[in-house]
Structure formats: C-alpha cells, structure tokens
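Q: File follows, data_37.txt with compact mmCIF, C-alpha atoms:
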# COMPACT_ATOMS: atom_id res chain seq x y z
CA MET Z 171 9.04 -15.18 9.33
CA THR Z 172 5.98 -13.55 7.73
CA GLU Z 173 6.70 -12.24 4.25
CA VAL Z 174 5.07 -9.12 2.84
CA PHE Z 175 5.42 -8.68 -0.91
CA PHE Z 176 5.83 -5.24 -2.50
CA VAL Z 177 4.97 -5.19 -6.20
CA LEU Z 178 7.23 -2.69 -7.96
CA LEU Z 179 6.91 -1.98 -11.66
CA GLU Z 180 9.18 0.26 -13.74
CA ASP Z 181 8.81 3.95 -12.75
CA TYR Z 182 7.32 3.06 -9.38
CA ALA Z 183 6.55 5.81 -6.85
CA ASP Z 184 9.34 5.28 -4.31
CA TRP Z 185 7.88 7.62 -1.66
CA GLU Z 186 4.72 5.48 -1.48
CA ALA Z 187 6.74 2.42 -0.51
CA ALA Z 188 9.42 3.79 1.80
CA SER Z 189 7.59 4.53 5.05
CA ILE Z 190 5.51 1.35 5.21
CA ALA Z 191 8.42 -0.87 4.10
CA ALA Z 192 10.66 0.54 6.83
CA ALA Z 193 7.97 0.17 9.50
CA LEU Z 194 7.26 -3.44 8.54
CA ASN Z 195 10.83 -4.58 8.04
CA GLN Z 196 11.90 -3.38 11.48
CA GLN Z 197 9.24 -5.39 13.28
CA GLU Z 198 10.13 -8.83 14.59
CA GLY Z 199 8.47 -11.57 12.59
CA PHE Z 200 7.97 -9.56 9.40
CA THR Z 201 10.19 -9.27 6.35
CA VAL Z 202 9.73 -7.15 3.23
CA LYS Z 203 10.41 -8.66 -0.20
CA THR Z 204 10.20 -6.93 -3.57
CA VAL Z 205 8.54 -8.53 -6.59
CA SER Z 206 8.57 -7.55 -10.24
CA ASN Z 207 8.35 -8.90 -13.79
CA GLU Z 208 11.98 -10.01 -13.95
CA LYS Z 209 15.02 -10.27 -11.69
CA GLN Z 210 16.72 -7.25 -13.14
CA ALA Z 211 17.01 -3.70 -11.88
CA ILE Z 212 13.86 -1.61 -12.02
CA HIS Z 213 13.90 2.14 -11.57
CA SER Z 214 11.76 4.38 -9.43
CA MET Z 215 10.38 7.77 -10.41
CA GLY Z 216 13.04 9.24 -8.13
CA GLY Z 217 15.87 7.43 -9.92
CA PHE Z 218 16.51 4.62 -7.42
CA SER Z 219 17.45 1.22 -8.83
CA THR Z 220 15.96 -1.83 -7.13
CA LEU Z 221 16.86 -5.46 -7.77
CA PRO Z 222 13.71 -7.49 -7.04
CA ASP Z 223 13.87 -10.47 -4.68
CA TYR Z 224 11.37 -12.50 -6.69
CA THR Z 225 9.58 -12.66 -10.01
CA PHE Z 226 5.79 -12.93 -10.14
CA ALA Z 227 6.03 -16.58 -11.18
CA GLU Z 228 8.18 -17.42 -8.16
CA VAL Z 229 5.91 -15.86 -5.54
CA CYS Z 230 2.80 -17.50 -6.94
CA GLN Z 231 4.18 -20.67 -5.31
CA LYS Z 232 4.59 -19.03 -1.90
CA GLU Z 233 2.45 -18.16 1.11
CA PHE Z 234 2.46 -14.51 2.18
CA ALA Z 235 0.62 -12.18 4.55
CA ALA Z 236 0.12 -9.20 2.27
CA LEU Z 237 0.48 -8.03 -1.30
CA ILE Z 238 1.23 -4.31 -1.55
CA LEU Z 239 0.89 -2.71 -4.96
CA ILE Z 240 2.92 0.50 -5.16
CA GLY Z 241 1.81 3.17 -7.60
CA GLY Z 242 3.75 4.50 -10.54
CA LYS Z 243 3.64 4.92 -14.30
CA SER Z 244 3.36 1.29 -15.45
CA TRP Z 245 -0.03 0.17 -14.12
CA ARG Z 246 -1.73 0.94 -17.45
CA THR Z 247 0.74 -1.07 -19.54
CA ASP Z 248 1.02 -4.71 -20.51
CA LYS Z 249 3.57 -5.18 -17.72
CA ALA Z 250 0.77 -4.82 -15.20
CA LYS Z 251 -1.16 -7.73 -16.68
CA GLU Z 252 1.60 -10.02 -15.41
CA VAL Z 253 0.47 -9.20 -11.86
CA ASP Z 254 -2.99 -10.74 -12.41
CA ALA Z 255 -2.07 -14.26 -11.29
CA LEU Z 256 -0.40 -12.98 -8.13
CA VAL Z 257 -3.47 -10.94 -7.18
CA ALA Z 258 -5.61 -14.04 -7.74
CA LYS Z 259 -3.25 -16.02 -5.49
CA ALA Z 260 -3.58 -13.38 -2.77
CA GLU Z 261 -7.37 -13.58 -2.99
CA GLN Z 262 -7.28 -17.37 -2.87
CA GLN Z 263 -5.24 -17.51 0.34
CA GLY Z 264 -7.01 -14.58 2.02
CA ALA Z 265 -3.96 -12.33 2.10
CA LEU Z 266 -4.23 -8.59 2.56
CA ILE Z 267 -4.28 -6.72 -0.77
CA ALA Z 268 -3.25 -3.06 -0.58
CA ALA Z 269 -3.00 -0.66 -3.51
CA ILE Z 270 -2.10 3.01 -3.73
CA CYS Z 271 -2.34 5.64 -6.44
CA ASP Z 272 -2.56 4.20 -9.97
CA ALA Z 273 -2.39 0.64 -8.63
CA THR Z 274 -5.98 1.21 -7.44
CA VAL Z 275 -7.01 1.82 -11.04
CA TYR Z 276 -5.42 -1.51 -11.91
CA LEU Z 277 -7.48 -3.25 -9.22
CA GLY Z 278 -10.55 -1.51 -10.55
CA SER Z 279 -9.87 -2.98 -13.99
CA LEU Z 280 -9.89 -6.44 -12.39
CA GLY Z 281 -13.27 -5.83 -10.78
CA LEU Z 282 -11.86 -6.10 -7.26
CA LEU Z 283 -13.29 -2.77 -6.11
CA ASN Z 284 -16.87 -3.39 -7.13
CA ASP Z 285 -18.16 -4.71 -3.80
CA HIS Z 286 -15.98 -2.88 -1.26
CA LYS Z 287 -15.55 0.66 -0.02
CA HIS Z 288 -12.48 2.08 -1.72
CA THR Z 289 -10.71 5.18 -2.95
CA SER Z 290 -8.35 6.22 -5.75
CA ASN Z 291 -6.99 9.43 -7.22
CA GLN Z 292 -10.20 10.35 -9.06
CA LEU Z 293 -13.45 8.47 -9.54
CA GLN Z 294 -13.88 9.66 -13.12
CA ASP Z 295 -10.42 8.47 -14.09
CA LEU Z 296 -11.07 5.11 -12.46
CA GLN Z 297 -14.33 4.74 -14.37
CA ASP Z 298 -12.80 5.83 -17.67
CA TYR Z 299 -9.88 3.40 -17.51
CA ALA Z 300 -11.58 0.34 -16.02
CA GLY Z 301 -14.72 0.76 -18.12
CA ALA Z 302 -17.45 -1.86 -17.76
CA ARG Z 303 -15.24 -3.96 -15.48
CA TYR Z 304 -15.69 -1.35 -12.76
CA THR Z 305 -19.17 -1.01 -11.29
CA GLY Z 306 -18.27 0.12 -7.78
CA GLY Z 307 -18.84 3.85 -8.06
CA ASN Z 308 -21.39 3.78 -5.24
CA HIS Z 309 -18.65 2.43 -2.92
CA TYR Z 310 -16.14 5.16 -3.82
CA LEU Z 311 -15.06 7.55 -1.04
CA GLU Z 312 -12.99 10.75 -1.32
CA VAL Z 313 -10.57 9.90 1.50
CA GLN Z 314 -6.81 9.46 1.85
CA ALA Z 315 -7.03 5.72 2.51
CA ILE Z 316 -9.61 3.18 3.54
CA ARG Z 317 -9.63 -0.45 4.68
CA ALA Z 318 -12.50 -2.80 3.87
CA ASN Z 319 -11.88 -6.34 5.11
CA ASN Z 320 -8.72 -7.57 3.33
CA LEU Z 321 -8.61 -4.65 0.88
CA ILE Z 322 -6.82 -1.34 1.41
CA THR Z 323 -6.79 1.49 -1.13
CA ALA Z 324 -5.28 4.98 -1.03
CA ASN Z 325 -4.75 7.97 -3.27
CA GLY Z 326 -1.24 9.01 -4.19
CA THR Z 327 -0.91 11.58 -1.40
CA GLY Z 328 -2.22 9.18 1.26
CA TYR Z 329 0.91 7.10 1.71
CA LEU Z 330 1.06 7.62 5.49
CA GLU Z 331 -2.62 6.75 5.89
CA PHE Z 332 -2.00 3.79 3.59
CA ALA Z 333 0.86 2.65 5.82
CA LYS Z 334 -1.24 3.13 8.94
CA GLU Z 335 -4.05 0.94 7.62
CA ILE Z 336 -1.59 -1.79 6.63
CA LEU Z 337 0.06 -1.78 10.06
CA LEU Z 338 -3.34 -2.05 11.73
CA ALA Z 339 -4.59 -4.76 9.39
CA LEU Z 340 -1.49 -6.93 9.91
CA GLN Z 341 -1.48 -6.20 13.66
CA VAL Z 342 2.21 -5.41 13.39
CA MET Z 343 2.13 -3.46 16.66
CA PRO Z 344 -0.52 -2.36 19.19
CA GLU Z 345 -3.02 0.18 17.88
CA LYS Z 346 -1.68 2.88 20.22
CA GLU Z 347 1.83 2.44 18.83
CA VAL Z 348 0.53 2.61 15.27
CA GLU Z 349 -1.21 5.89 16.10
CA GLN Z 350 2.02 7.25 17.63
CA TRP Z 351 3.99 6.20 14.55
CA TYR Z 352 1.47 7.87 12.27
CA ASN Z 353 1.36 11.12 14.27
CA PHE Z 354 5.16 11.29 14.38
CA TYR Z 355 5.42 11.46 10.59
CA LYS Z 356 2.12 13.18 9.83
CA LEU Z 357 2.31 15.97 12.39
CA GLY Z 358 6.06 16.30 12.75
CA TYR Z 359 8.31 15.58 15.71
CA TYR Z 360 7.36 18.45 18.02
CA GLU Z 361 3.65 18.55 17.27
CA ALA Z 362 3.42 14.77 17.73
CA ILE Z 363 4.96 15.10 21.21
CA LYS Z 364 2.45 17.83 22.09
CA GLN Z 365 -0.39 15.64 20.80
CA GLU Z 366 0.78 12.76 22.97
CA LEU Z 367 0.93 15.01 26.02
CA ARG Z 368 -2.59 16.26 25.36
CA THR Z 369 -3.83 12.69 25.05
CA ALA Z 370 -2.21 11.88 28.39
CA GLY Z 371 -3.90 14.90 29.97
CA ALA Z 372 -0.74 16.95 30.38
CA ASP Z 373 -0.18 20.55 29.37
CA PRO Z 374 2.14 20.61 26.30
CA THR Z 375 3.26 24.15 27.15
CA ASP Z 376 4.80 23.15 30.50
Turn this file's structure into structure tokens for me.
A:
Amino acid sequence: MTEVFFVLLEDYADWEAASIAAALNQQEGFTVKTVSNEKQAIHSMGGFSTLPDYTFAEVCQKEFAALILIGGKSWRTDKAKEVDALVAKAEQQGALIAAICDATVYLGSLGLLNDHKHTSNQLQDLQDYAGARYTGGNHYLEVQAIRANNLITANGTGYLEFAKEILLALQVMPEKEVEQWYNFYKLGYYEAIKQELRTAGADPTD
C-alpha cells in the first residue's frame, strides 16, 4: 500500500484537503494518512477536529509517495519549523512535494521554489515573508496550480487544479479519467456531461 502524507497544522484549510484526499483514498493501492506536530486533535478553519495518524518524528522513519502540505493559518509560526525535517526526507527519497496556499510561502522560506516554476497567493507576499531565502521570482507564474518535476504548488483557490496535478503526478488513474474527475467538480455535473459528449463528437443538446 502506497502511503500519501497530508501535513495538517492547527487552523488548516479543510476544503483544500478534502477533494484530493477522497480521490486518493478511494483508489486501490493508495492510502491517505494525516501528520501533525503531536497525536492530539487539531482543528480546521471550518471547525473540524482531526486526530493525526502520525507525528512528524514518526514519519521521518517511513517511505512515502507524496507529502502534501495543506494551507492554513499556522505556516508562519514556529509550529511550521517542525515540518522542515520531513520536507528534507521527502527530497532525499524523491517523493512528490505538493503545497497549496500559505504552505507555498513556507516552501519559499526553505528555498525550495528558487529553481522551479511555481505559484502562490501573491508574489509580493512570498518575497516579503521568505526574504533573502527566496530568489525564484523569475520562475513565478500567476496560475491556479503548476507541476514542475516532483514539486506542485497552488494558490488557495486552486484546490481542484492542485488535486488534478497530484493525481497526474502519482499516476493514480489514467489521464482521461483524471480529466473527467476534474471536469465533474470544476464544471458541475450537467456541464461536465455535455463537455464529455462534445469531446466524443456527439451533440449535447440531443
């Protein structure tokens, strides 16, 4: 079973995690595990309580396919510094590293965005917070999400694009199925069906 670790800090953005976690956890061969500072309940911005499966120290001894950093209000606190060793472990073993919303600013402060195409919520904010540790402004793109090798970044409204890039990177399902999954949630049920009919060359009004 291939494990995918979701890093959740206090006040995490639950909507950024939900769609990709559900898509991954329902695929044969993949299992979603949550990771945080301690094995005690953490709370999302929406008021959900989550009991993490692992602490950061525990997963540093494990092999995993991807490390997914979910945004929220704690990435600019000392709690985030405890994630450093886990990110280094992911780099060492060549695992996928994916960050969304303010978690991208955290990666910028580690220097991980300097040599790859990436995005975030705002370039200026990224530069202001990461300071001299961030020199990748020339690689910054104003897009919902982008994948560059083993690195995926997204802004806070790009959670579906973020999920799409993760599914493609991990080859969780065929590319056509990923596109169908994305259209279903992005376009809505009826429009997605019409889009599929158009792609197949049929008239969606029939």
Q: Quick check, in Å to one decimal: how far apart do CA of Val174 in chain Z and CA of Gly307 in chain Z lie?
A: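 That distance, rounded to one decimal, is 29.3 Å.
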Q: Please list as an MDAnalysis selection string every residue within 12 Å of Glu366 in chain Z, counting all atoms listed in the file and excluding residues in the same chain fewer than 6 positions away.
A: chainID Z and resid 346:347 349:354 357 359:360 372:374
Q: Find, counting all atoms listed in the file, the residue in Z:Tyr182, Z:Phe200, Z:Tyr224, Z:Phe176 that gets nearest to Leu237 in chain Z.
A: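 Of the candidates, the smallest distance to Leu237 in chain Z is held by Z:Phe176.
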Q: Lys334 in chain Z: which residues within 10 Å, counting only C-alpha atoms, same-chain residues fewer than 2 positions away excluded, as a count of residues only?
A: 20
Q: Counting all atoms listed in the file, note down every residue that has an atom within 12 Å of the point (17.9, 7.2, -6.6) (file coordinates), as an NGL selection string.
A: :Z and (181-185 or 212-220)
Q: Between CA of Asp285 in chain Z and CA of Gln262 in chain Z, what is the distance, to one decimal in Å?
A: 16.7 Å
Q: Have a look at Z:Leu179, Z:Lys203, Z:Gly264, Z:Gly281 and name the one nearest to Ile240 in chain Z; count all atoms listed in the file.
A: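 For Ile240 in chain Z, the nearest of the candidates is Z:Leu179.
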Q: Any idea what the distance is between CA of Thr201 in chain Z and CA of Ala250 in chain Z?
A: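 Distance between the two atoms: 23.9 Å.
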Q: Give me the residues near Glu198 in chain Z as a ChimeraX atom specification, where near means some atom within 10 Å (using all atoms listed in the file) and where sequence neighbours in that chain fewer than 3 positions away do not count.
A: /Z:171-172,194-195,201,342-343
Q: Counting only C-alpha atoms, which of Z:Gln294, Z:Gln231, Z:Thr305, Z:Gln365 gets nearest to Gly278 in chain Z?
A: Z:Thr305
Q: Just checking: using only C-alpha atoms, which residue out of Z:Gly301, Z:Gly371, Z:Gly358, Z:Pro222 ends up closest to Leu280 in chain Z?
A: Z:Gly301
